[in-house]
$ cat target36.pdb   # PDB, C-alpha atoms
ATOM      1  CA  MET X   1     238.995  15.577 113.324
ATOM      2  CA  SER X   2     239.067  15.283 109.515
ATOM      3  CA  ARG X   3     236.049  14.394 107.398
ATOM      4  CA  ALA X   4     237.863  11.219 106.304
ATOM      5  CA  THR X   5     238.358  10.195 109.933
ATOM      6  CA  LEU X   6     234.678  10.843 110.727
ATOM      7  CA  SER X   7     233.617   8.795 107.706
ATOM      8  CA  SER X   8     235.917   5.971 108.752
ATOM      9  CA  LYS X   9     234.517   5.972 112.304
ATOM     10  CA  ALA X  10     230.942   6.053 110.987
ATOM     11  CA  ALA X  11     231.656   3.117 108.689
ATOM     12  CA  LEU X  12     233.233   1.171 111.557
ATOM     13  CA  PHE X  13     230.222   1.900 113.785
ATOM     14  CA  LEU X  14     227.788   0.678 111.100
ATOM     15  CA  LEU X  15     229.843  -2.476 110.528
ATOM     16  CA  THR X  16     229.908  -3.183 114.277
ATOM     17  CA  LEU X  17     226.143  -2.635 114.477
ATOM     18  CA  MET X  18     225.520  -4.957 111.542
ATOM     19  CA  LEU X  19     227.730  -7.662 113.027
ATOM     20  CA  GLY X  20     225.927  -7.296 116.335
ATOM     21  CA  VAL X  21     222.540  -7.752 114.700
ATOM     22  CA  ALA X  22     223.768 -10.696 112.628
ATOM     23  CA  GLY X  23     225.191 -12.434 115.679
ATOM     24  CA  CYS X  24     222.588 -11.590 118.309
ATOM     25  CA  GLY X  25     221.477 -15.097 119.116
ATOM     26  CA  ALA X  26     220.183 -16.405 115.806
ATOM     27  CA  SER X  27     220.214 -19.863 117.361
ATOM     28  CA  GLU X  28     218.645 -18.745 120.651
ATOM     29  CA  PRO X  29     215.100 -19.844 121.476
ATOM     30  CA  GLY X  30     212.559 -17.084 122.071
ATOM     31  CA  LYS X  31     211.575 -15.953 125.572
ATOM     32  CA  GLN X  32     207.994 -16.166 126.797
ATOM     33  CA  THR X  33     206.302 -13.355 128.712
ATOM     34  CA  VAL X  34     204.269 -15.978 130.610
ATOM     35  CA  SER X  35     206.084 -18.028 133.257
ATOM     36  CA  THR X  36     206.573 -21.707 132.430
ATOM     37  CA  ALA X  37     208.075 -22.608 135.802
ATOM     38  CA  PRO X  38     206.157 -25.208 137.823
ATOM     39  CA  ALA X  39     204.037 -23.915 140.694
ATOM     40  CA  ALA X  40     205.463 -24.040 144.199
ATOM     41  CA  GLY X  41     205.527 -27.592 145.511
ATOM     42  CA  GLN X  42     205.072 -29.104 142.041
ATOM     43  CA  PRO X  43     207.712 -31.343 140.425
ATOM     44  CA  ALA X  44     210.105 -29.996 137.824
ATOM     45  CA  ASN X  45     208.809 -29.802 134.275
ATOM     46  CA  PRO X  46     209.363 -33.102 132.429
ATOM     47  CA  ARG X  47     212.119 -33.244 129.840
ATOM     48  CA  VAL X  48     212.011 -35.493 126.796
ATOM     49  CA  LEU X  49     214.928 -36.691 124.687
ATOM     50  CA  ILE X  50     214.170 -36.953 120.959
ATOM     51  CA  GLU X  51     216.886 -39.055 119.327
ATOM     52  CA  THR X  52     216.918 -38.541 115.559
ATOM     53  CA  THR X  53     219.021 -39.586 112.609
ATOM     54  CA  LYS X  54     220.303 -35.976 112.554
ATOM     55  CA  GLY X  55     221.200 -35.786 116.245
ATOM     56  CA  ASN X  56     219.490 -35.361 119.606
ATOM     57  CA  ILE X  57     216.962 -32.747 120.711
ATOM     58  CA  THR X  58     215.961 -32.237 124.343
ATOM     59  CA  VAL X  59     212.656 -30.529 125.060
ATOM     60  CA  GLU X  60     211.004 -29.304 128.238
ATOM     61  CA  VAL X  61     207.243 -29.814 128.533
ATOM     62  CA  PHE X  62     204.955 -27.350 130.359
ATOM     63  CA  PRO X  63     202.145 -29.242 132.157
ATOM     64  CA  GLY X  64     201.254 -26.171 134.215
ATOM     65  CA  ASN X  65     200.544 -24.086 131.127
ATOM     66  CA  ALA X  66     199.152 -26.727 128.772
ATOM     67  CA  PRO X  67     197.988 -29.690 130.878
ATOM     68  CA  LYS X  68     195.970 -31.447 128.162
ATOM     69  CA  SER X  69     198.609 -30.996 125.456
ATOM     70  CA  ALA X  70     201.444 -32.010 127.785
ATOM     71  CA  ALA X  71     199.626 -35.126 129.044
ATOM     72  CA  ASN X  72     198.723 -36.051 125.463
ATOM     73  CA  PHE X  73     202.324 -35.673 124.248
ATOM     74  CA  LEU X  74     203.817 -37.543 127.216
ATOM     75  CA  GLY X  75     201.291 -40.339 126.743
ATOM     76  CA  TYR X  76     202.461 -40.861 123.177
ATOM     77  CA  VAL X  77     206.096 -40.684 124.330
ATOM     78  CA  ASN X  78     205.646 -43.246 127.102
ATOM     79  CA  SER X  79     203.810 -45.659 124.811
ATOM     80  CA  GLY X  80     206.676 -45.629 122.288
ATOM     81  CA  TYR X  81     204.331 -44.266 119.625
ATOM     82  CA  TYR X  82     206.847 -41.759 118.236
ATOM     83  CA  ASN X  83     209.708 -44.218 117.821
ATOM     84  CA  GLY X  84     210.429 -44.690 114.116
ATOM     85  CA  LEU X  85     208.292 -41.787 112.875
ATOM     86  CA  ALA X  86     209.673 -39.203 110.466
ATOM     87  CA  PHE X  87     209.863 -35.438 110.237
ATOM     88  CA  HIS X  88     207.483 -35.390 107.304
ATOM     89  CA  ARG X  89     207.176 -31.625 106.696
ATOM     90  CA  VAL X  90     210.020 -29.106 106.999
ATOM     91  CA  ILE X  91     209.852 -25.477 105.883
ATOM     92  CA  PRO X  92     212.836 -23.100 106.291
ATOM     93  CA  GLY X  93     211.974 -19.954 108.218
ATOM     94  CA  PHE X  94     208.871 -21.640 109.632
ATOM     95  CA  MET X  95     208.897 -25.042 111.354
ATOM     96  CA  ILE X  96     209.581 -28.788 111.310
ATOM     97  CA  GLN X  97     206.652 -31.191 111.813
ATOM     98  CA  THR X  98     206.493 -34.796 112.982
ATOM     99  CA  GLY X  99     204.486 -37.207 115.080
ATOM    100  CA  GLY X 100     202.223 -39.026 112.647
ATOM    101  CA  MET X 101     203.939 -40.317 109.524
ATOM    102  CA  THR X 102     206.303 -43.209 108.869
ATOM    103  CA  PRO X 103     209.393 -42.723 106.663
ATOM    104  CA  ASP X 104     207.407 -43.999 103.652
ATOM    105  CA  MET X 105     204.729 -41.348 104.360
ATOM    106  CA  ALA X 106     202.106 -43.727 105.683
ATOM    107  CA  GLU X 107     199.937 -42.153 108.380
ATOM    108  CA  LYS X 108     200.059 -43.974 111.712
ATOM    109  CA  SER X 109     196.825 -44.626 113.586
ATOM    110  CA  LYS X 110     196.407 -42.064 116.353
ATOM    111  CA  GLY X 111     194.310 -41.361 119.412
ATOM    112  CA  ALA X 112     191.374 -39.028 119.954
ATOM    113  CA  PRO X 113     191.769 -35.272 119.375
ATOM    114  CA  ILE X 114     192.268 -32.920 122.312
ATOM    115  CA  GLN X 115     191.055 -29.485 123.364
ATOM    116  CA  ASN X 116     193.030 -26.580 121.896
ATOM    117  CA  GLU X 117     195.003 -24.799 124.640
ATOM    118  CA  ALA X 118     196.416 -21.983 122.505
ATOM    119  CA  ASP X 119     194.691 -19.495 124.838
ATOM    120  CA  ASN X 120     197.267 -20.237 127.568
ATOM    121  CA  GLY X 121     199.336 -17.126 126.837
ATOM    122  CA  LEU X 122     202.330 -18.977 125.381
ATOM    123  CA  LYS X 123     203.553 -17.699 122.027
ATOM    124  CA  ASN X 124     204.832 -19.604 118.999
ATOM    125  CA  LEU X 125     208.403 -18.381 119.398
ATOM    126  CA  ARG X 126     211.523 -19.898 117.904
ATOM    127  CA  GLY X 127     212.302 -23.184 119.648
ATOM    128  CA  THR X 128     208.795 -23.817 120.988
ATOM    129  CA  LEU X 129     206.806 -27.021 120.479
ATOM    130  CA  ALA X 130     203.175 -26.683 119.438
ATOM    131  CA  MET X 131     200.378 -29.062 118.564
ATOM    132  CA  ALA X 132     199.730 -29.558 114.843
ATOM    133  CA  ARG X 133     196.111 -29.760 113.730
ATOM    134  CA  THR X 134     193.751 -29.453 110.780
ATOM    135  CA  GLY X 135     191.668 -26.348 110.106
ATOM    136  CA  GLU X 136     189.322 -27.423 112.897
ATOM    137  CA  PRO X 137     190.664 -25.774 116.098
ATOM    138  CA  HIS X 138     190.214 -28.800 118.384
ATOM    139  CA  SER X 139     191.605 -31.519 116.105
ATOM    140  CA  ALA X 140     195.178 -31.961 117.414
ATOM    141  CA  SER X 141     196.187 -35.510 118.276
ATOM    142  CA  SER X 142     199.703 -36.947 117.923
ATOM    143  CA  GLN X 143     201.411 -34.538 115.552
ATOM    144  CA  PHE X 144     203.469 -31.577 116.750
ATOM    145  CA  PHE X 145     205.926 -29.097 115.313
ATOM    146  CA  ILE X 146     208.965 -27.112 116.409
ATOM    147  CA  ASN X 147     209.022 -23.452 115.411
ATOM    148  CA  VAL X 148     212.293 -22.320 113.841
ATOM    149  CA  ALA X 149     211.211 -18.656 113.825
ATOM    150  CA  ASP X 150     208.908 -16.420 115.839
ATOM    151  CA  ASN X 151     205.581 -17.246 114.171
ATOM    152  CA  ALA X 152     203.206 -14.676 115.637
ATOM    153  CA  PHE X 153     200.503 -15.509 113.086
ATOM    154  CA  LEU X 154     200.097 -18.911 114.795
ATOM    155  CA  ASN X 155     199.277 -17.342 118.178
ATOM    156  CA  HIS X 156     195.821 -17.290 119.772
ATOM    157  CA  ARG X 157     193.792 -14.220 118.773
ATOM    158  CA  GLY X 158     190.351 -15.235 119.992
ATOM    159  CA  LYS X 159     187.979 -18.184 120.298
ATOM    160  CA  SER X 160     186.712 -17.957 116.747
ATOM    161  CA  PHE X 161     187.282 -20.626 114.129
ATOM    162  CA  GLU X 162     190.029 -18.537 112.506
ATOM    163  CA  GLY X 163     191.539 -17.080 115.658
ATOM    164  CA  TRP X 164     192.190 -20.080 117.921
ATOM    165  CA  GLY X 165     195.834 -20.497 116.931
ATOM    166  CA  TYR X 166     198.206 -23.353 117.744
ATOM    167  CA  ALA X 167     198.838 -24.520 121.309
ATOM    168  CA  VAL X 168     202.408 -24.221 122.604
ATOM    169  CA  PHE X 169     203.233 -26.854 125.218
ATOM    170  CA  GLY X 170     207.032 -27.064 125.359
ATOM    171  CA  GLN X 171     210.422 -25.660 124.445
ATOM    172  CA  VAL X 172     213.698 -26.970 123.027
ATOM    173  CA  VAL X 173     216.345 -26.685 125.751
ATOM    174  CA  ASP X 174     219.184 -28.441 123.929
ATOM    175  CA  GLY X 175     219.793 -29.356 120.299
ATOM    176  CA  MET X 176     218.368 -26.358 118.482
ATOM    177  CA  ASN X 177     221.307 -26.780 116.102
ATOM    178  CA  VAL X 178     219.836 -30.178 115.172
ATOM    179  CA  VAL X 179     216.447 -28.558 114.538
ATOM    180  CA  ASP X 180     218.156 -26.023 112.270
ATOM    181  CA  ALA X 181     219.986 -28.815 110.439
ATOM    182  CA  ILE X 182     216.709 -30.662 109.849
ATOM    183  CA  VAL X 183     214.932 -27.642 108.417
ATOM    184  CA  GLU X 184     217.713 -27.050 105.883
ATOM    185  CA  VAL X 185     217.723 -30.500 104.268
ATOM    186  CA  PRO X 186     216.680 -30.927 100.605
ATOM    187  CA  ARG X 187     212.920 -31.336 100.260
ATOM    188  CA  GLY X 188     210.496 -32.483  97.613
ATOM    189  CA  ASN X 189     207.037 -33.926  97.003
ATOM    190  CA  ARG X 190     205.883 -37.398  98.006
ATOM    191  CA  GLY X 191     202.465 -38.084  96.537
ATOM    192  CA  PRO X 192     200.096 -35.409  97.864
ATOM    193  CA  HIS X 193     202.632 -34.258 100.455
ATOM    194  CA  GLY X 194     204.951 -31.302  99.925
ATOM    195  CA  ASP X 195     208.090 -30.141 101.770
ATOM    196  CA  VAL X 196     209.073 -33.745 102.559
ATOM    197  CA  PRO X 197     212.786 -34.405 103.232
ATOM    198  CA  VAL X 198     214.305 -36.257 100.276
ATOM    199  CA  GLU X 199     216.208 -38.490 102.701
ATOM    200  CA  PRO X 200     213.926 -39.430 105.624
ATOM    201  CA  ILE X 201     214.815 -37.955 109.009
ATOM    202  CA  VAL X 202     213.551 -40.318 111.679
ATOM    203  CA  MET X 203     212.922 -40.112 115.411
ATOM    204  CA  THR X 204     214.663 -43.339 116.374
ATOM    205  CA  ARG X 205     213.696 -43.084 120.039
ATOM    206  CA  VAL X 206     211.695 -40.606 122.114
ATOM    207  CA  SER X 207     211.857 -40.978 125.891
ATOM    208  CA  VAL X 208     211.188 -39.082 129.112
ATOM    209  CA  LEU X 209     214.416 -38.237 130.913
ATOM    210  CA  PRO X 210     214.859 -39.008 134.613
ATOM    211  CA  ALA X 211     213.550 -36.217 136.838
ATOM    212  CA  ALA X 212     216.149 -33.527 137.403
ATOM    213  CA  SER X 213     217.008 -31.980 140.736
ATOM    214  CA  PRO X 214     215.740 -28.393 141.296
ATOM    215  CA  ALA X 215     219.245 -27.052 140.588
ATOM    216  CA  GLN X 216     219.437 -28.928 137.295
ATOM    217  CA  SER X 217     215.962 -27.946 136.147
ATOM    218  CA  ALA X 218     216.223 -24.212 136.702
ATOM    219  CA  PRO X 219     217.544 -22.301 133.661
ATOM    220  CA  ALA X 220     217.097 -23.834 130.244
ATOM    221  CA  ALA X 221     220.373 -24.811 128.601
ATOM    222  CA  LYS X 222     221.420 -22.970 125.465
ATOM    223  CA  PRO X 223     221.212 -24.999 122.228
TER     224      PRO X 223
END

$ encode --input "target36.pdb" --output "structure tokens"
Amino acid sequence: MSRATLSSKAALFLLTLMLGVAGCGASEPGKQTVSTAPAAGQPANPRVLIETTKGNITVEVFPGNAPKSAANFLGYVNSGYYNGLAFHRVIPGFMIQTGGMTPDMAEKSKGAPIQNEADNGLKNLRGTLAMARTGEPHSASSQFFINVADNAFLNHRGKSFEGWGYAVFGQVVDGMNVVDAIVEVPRGNRGPHGDVPVEPIVMTRVSVLPAASPAQSAPAAKP
């Protein structure tokens, strides 16, 4: 085999490898090492439809892994609290945040803070939902965010002030393309707030979906 042929084959191999890396599920959500399936005899994990002005996102909530965070989130959903709120902070390569601000960047009154459950073993992988909070570890209330990348630095490292991390309580199971569209919109400053979409992106309606049958609730759908 000639040197030219070998060089051509090597170049083709490298191109194939590069294409494989570029196309290996960039839109796929991450996979947890901890099981999120409900325990035997327990109902299927709840699913919530987030209807936005950019499209619909369906998320699965994990009560077995994050009972306080899941109950808190579902309580806000069932009360209609999230309807009309905006994605008020979006950062490419990081996350999109919502759950507390109106489209004109007024903060909505919220409930009491909850215990941080970031020590549940779930990681802040692409496509996961986690509770937003202040610097105080146990200050999460209504706000949450969707990771658009694997954000290992947000994971629990210990029960110190700096190491608590951010509690994952759910996963996008459909509509990750909508999440990606949201995070790419033009952003700017609104008063003291940065990374605010120039054109508001609003959750028009957030609702719990009817319980699925075991067959329907097994594998998560691809976005």

$ resolve_selection --input "target36.pdb" --expression "the PyMOL selection byres ((chain X and resi 53) around 8)" --output "JSON, numbers by chain"
{"X": [51, 52, 54, 55, 201, 202, 203, 204]}

$ write_last_selection --input "target36.pdb" --atoms "C-alpha atoms" --output "PDB file, in the coordinates of the input"
ATOM      1  CA  GLU X  51     216.886 -39.055 119.327  1.00  0.00           C
ATOM      2  CA  THR X  52     216.918 -38.541 115.559  1.00  0.00           C
ATOM      3  CA  LYS X  54     220.303 -35.976 112.554  1.00  0.00           C
ATOM      4  CA  GLY X  55     221.200 -35.786 116.245  1.00  0.00           C
ATOM      5  CA  ILE X 201     214.815 -37.955 109.009  1.00  0.00           C
ATOM      6  CA  VAL X 202     213.551 -40.318 111.679  1.00  0.00           C
ATOM      7  CA  MET X 203     212.922 -40.112 115.411  1.00  0.00           C
ATOM      8  CA  THR X 204     214.663 -43.339 116.374  1.00  0.00           C
TER       9      THR X 204
END

$ atom_distance --input "target36.pdb" --atom1 "CA of Gly99 in chain X" --atom2 "CA of Leu129 in chain X"
11.8 Å

$ residues_around --input "target36.pdb" --residues "Arg187 in chain X" --least-positions-apart "4" --cutoff "8 Å" --atoms "all atoms listed in the file" --output "ChimeraX atom specification"
/X:90,194-198

$ resolve_selection --input "target36.pdb" --expression "the PyMOL selection byres ((chain X and resi 103-110) around 10)" --output "short mmCIF file (atom, residue, chain, number, x, y, z; two decimals) with C-alpha atoms, in the frame of the given file"
data_model
loop_
_atom_site.label_atom_id
_atom_site.label_comp_id
_atom_site.auth_asym_id
_atom_site.auth_seq_id
_atom_site.Cartn_x
_atom_site.Cartn_y
_atom_site.Cartn_z
CA TYR X 76 202.46 -40.86 123.18
CA TYR X 81 204.33 -44.27 119.62
CA TYR X 82 206.85 -41.76 118.24
CA GLY X 84 210.43 -44.69 114.12
CA LEU X 85 208.29 -41.79 112.88
CA ALA X 86 209.67 -39.20 110.47
CA PHE X 87 209.86 -35.44 110.24
CA HIS X 88 207.48 -35.39 107.30
CA GLY X 99 204.49 -37.21 115.08
CA GLY X 100 202.22 -39.03 112.65
CA MET X 101 203.94 -40.32 109.52
CA THR X 102 206.30 -43.21 108.87
CA GLY X 111 194.31 -41.36 119.41
CA ALA X 112 191.37 -39.03 119.95
CA PRO X 113 191.77 -35.27 119.38
CA SER X 141 196.19 -35.51 118.28
CA SER X 142 199.70 -36.95 117.92
CA GLN X 143 201.41 -34.54 115.55
CA ARG X 190 205.88 -37.40 98.01
CA GLY X 191 202.46 -38.08 96.54
CA PRO X 192 200.10 -35.41 97.86
CA HIS X 193 202.63 -34.26 100.46
CA VAL X 196 209.07 -33.74 102.56
CA PRO X 197 212.79 -34.40 103.23
CA GLU X 199 216.21 -38.49 102.70
CA PRO X 200 213.93 -39.43 105.62
CA ILE X 201 214.82 -37.96 109.01
CA VAL X 202 213.55 -40.32 111.68
CA MET X 203 212.92 -40.11 115.41
#

$ resolve_selection --input "target36.pdb" --expression "the PyMOL selection byres ((chain X and resi 119) around 8)" --output "count of residues only"
10

$ closest_residue --input "target36.pdb" --among "X:Asn78, X:Gln115, X:Thr36, X:Asn177" --to "Ser139 in chain X" --atoms "all atoms listed in the file"
X:Gln115

$ atom_distance --input "target36.pdb" --atom1 "CA of Leu49 in chain X" --atom2 "CA of Asp174 in chain X"
9.3 Å

$ residues_around --input "target36.pdb" --residues "Arg126 in chain X" --least-positions-apart "2" --cutoff "12 Å" --atoms "all atoms listed in the file" --output "number ranges by chain"
X: 25-32, 93-96, 122-124, 128-130, 145-152, 154, 168, 170-173, 176, 179-180, 223

$ axis_aligned_box --input "target36.pdb" --around "range 175-186 of chain X" --padding-each-side "8 Å" --output "JSON"
{"center_x": 218.1, "center_y": -28.5, "center_z": 110.5, "size_x": 22.4, "size_y": 20.9, "size_z": 35.7}

$ residues_around --input "target36.pdb" --residues "Ala40 in chain X" --least-positions-apart "3" --cutoff "12 Å" --atoms "all atoms listed in the file" --output "PDB file with C-alpha atoms, in the coordinates of the input"
ATOM      1  CA  ALA X  37     208.075 -22.608 135.802  1.00  0.00           C
ATOM      2  CA  PRO X  43     207.712 -31.343 140.425  1.00  0.00           C
ATOM      3  CA  ALA X  44     210.105 -29.996 137.824  1.00  0.00           C
ATOM      4  CA  ASN X  45     208.809 -29.802 134.275  1.00  0.00           C
ATOM      5  CA  GLY X  64     201.254 -26.171 134.215  1.00  0.00           C
ATOM      6  CA  PRO X 214     215.740 -28.393 141.296  1.00  0.00           C
TER       7      PRO X 214
END

$ closest_residue --input "target36.pdb" --among "X:Val34, X:Ala70, X:Ile91, X:Leu209" --to "Ala181 in chain X" --atoms "all atoms listed in the file"
X:Ile91

$ closest_residue --input "target36.pdb" --among "X:Thr33, X:Ala39, X:Ala140, X:Phe62" --to "Gly165 in chain X" --atoms "only C-alpha atoms"
X:Ala140

$ closest_residue --input "target36.pdb" --among "X:Ser35, X:Ser69, X:Pro92, X:Phe169" --to "Pro186 in chain X" --atoms "all atoms listed in the file"
X:Pro92

$ atom_distance --input "target36.pdb" --atom1 "CA of Gly175 in chain X" --atom2 "CA of Glu60 in chain X"
11.8 Å

$ closest_residue --input "target36.pdb" --among "X:Asn189, X:Gln42, X:Ser79, X:Ser160" --to "Pro63 in chain X" --atoms "all atoms listed in the file"
X:Gln42

$ build_atoms --input "target36.pdb" --residues "range 162-174 of chain X" --atoms "N, CA, C and O atoms" --output "PDB file, keeping the file's coordinate frame"
ATOM      1  N   GLU X 162     188.785 -18.988 113.115  1.00  0.00           N
ATOM      2  CA  GLU X 162     190.029 -18.537 112.506  1.00  0.00           C
ATOM      3  C   GLU X 162     191.066 -18.089 113.527  1.00  0.00           C
ATOM      4  O   GLU X 162     192.261 -18.069 113.237  1.00  0.00           O
ATOM      5  N   GLY X 163     190.629 -17.723 114.717  1.00  0.00           N
ATOM      6  CA  GLY X 163     191.539 -17.080 115.658  1.00  0.00           C
ATOM      7  C   GLY X 163     192.135 -17.944 116.752  1.00  0.00           C
ATOM      8  O   GLY X 163     192.953 -17.471 117.545  1.00  0.00           O
ATOM      9  N   TRP X 164     191.752 -19.238 116.812  1.00  0.00           N
ATOM     10  CA  TRP X 164     192.190 -20.080 117.921  1.00  0.00           C
ATOM     11  C   TRP X 164     193.709 -20.202 118.001  1.00  0.00           C
ATOM     12  O   TRP X 164     194.276 -20.196 119.085  1.00  0.00           O
ATOM     13  N   GLY X 165     194.381 -20.350 116.905  1.00  0.00           N
ATOM     14  CA  GLY X 165     195.834 -20.497 116.931  1.00  0.00           C
ATOM     15  C   GLY X 165     196.274 -21.914 117.258  1.00  0.00           C
ATOM     16  O   GLY X 165     195.471 -22.860 117.274  1.00  0.00           O
ATOM     17  N   TYR X 166     197.577 -22.046 117.536  1.00  0.00           N
ATOM     18  CA  TYR X 166     198.206 -23.353 117.744  1.00  0.00           C
ATOM     19  C   TYR X 166     198.829 -23.402 119.125  1.00  0.00           C
ATOM     20  O   TYR X 166     199.617 -22.523 119.495  1.00  0.00           O
ATOM     21  N   ALA X 167     198.492 -24.443 119.886  1.00  0.00           N
ATOM     22  CA  ALA X 167     198.838 -24.520 121.309  1.00  0.00           C
ATOM     23  C   ALA X 167     200.301 -24.875 121.538  1.00  0.00           C
ATOM     24  O   ALA X 167     200.752 -25.961 121.165  1.00  0.00           O
ATOM     25  N   VAL X 168     201.024 -23.968 122.187  1.00  0.00           N
ATOM     26  CA  VAL X 168     202.408 -24.221 122.604  1.00  0.00           C
ATOM     27  C   VAL X 168     202.395 -24.981 123.917  1.00  0.00           C
ATOM     28  O   VAL X 168     201.667 -24.625 124.850  1.00  0.00           O
ATOM     29  N   PHE X 169     203.205 -26.039 123.998  1.00  0.00           N
ATOM     30  CA  PHE X 169     203.233 -26.854 125.218  1.00  0.00           C
ATOM     31  C   PHE X 169     204.647 -27.211 125.664  1.00  0.00           C
ATOM     32  O   PHE X 169     204.823 -27.933 126.657  1.00  0.00           O
ATOM     33  N   GLY X 170     205.662 -26.713 124.972  1.00  0.00           N
ATOM     34  CA  GLY X 170     207.032 -27.064 125.359  1.00  0.00           C
ATOM     35  C   GLY X 170     208.048 -26.200 124.646  1.00  0.00           C
ATOM     36  O   GLY X 170     207.709 -25.302 123.867  1.00  0.00           O
ATOM     37  N   GLN X 171     209.315 -26.481 124.936  1.00  0.00           N
ATOM     38  CA  GLN X 171     210.422 -25.660 124.445  1.00  0.00           C
ATOM     39  C   GLN X 171     211.669 -26.527 124.271  1.00  0.00           C
ATOM     40  O   GLN X 171     211.961 -27.376 125.118  1.00  0.00           O
ATOM     41  N   VAL X 172     212.392 -26.325 123.189  1.00  0.00           N
ATOM     42  CA  VAL X 172     213.698 -26.970 123.027  1.00  0.00           C
ATOM     43  C   VAL X 172     214.673 -26.350 124.017  1.00  0.00           C
ATOM     44  O   VAL X 172     214.798 -25.125 124.100  1.00  0.00           O
ATOM     45  N   VAL X 173     215.345 -27.188 124.799  1.00  0.00           N
ATOM     46  CA  VAL X 173     216.345 -26.685 125.751  1.00  0.00           C
ATOM     47  C   VAL X 173     217.757 -27.112 125.375  1.00  0.00           C
ATOM     48  O   VAL X 173     218.727 -26.600 125.921  1.00  0.00           O
ATOM     49  N   ASP X 174     217.873 -28.041 124.436  1.00  0.00           N
ATOM     50  CA  ASP X 174     219.184 -28.441 123.929  1.00  0.00           C
ATOM     51  C   ASP X 174     218.985 -29.082 122.552  1.00  0.00           C
ATOM     52  O   ASP X 174     218.031 -29.836 122.352  1.00  0.00           O
TER      53      ASP X 174
END
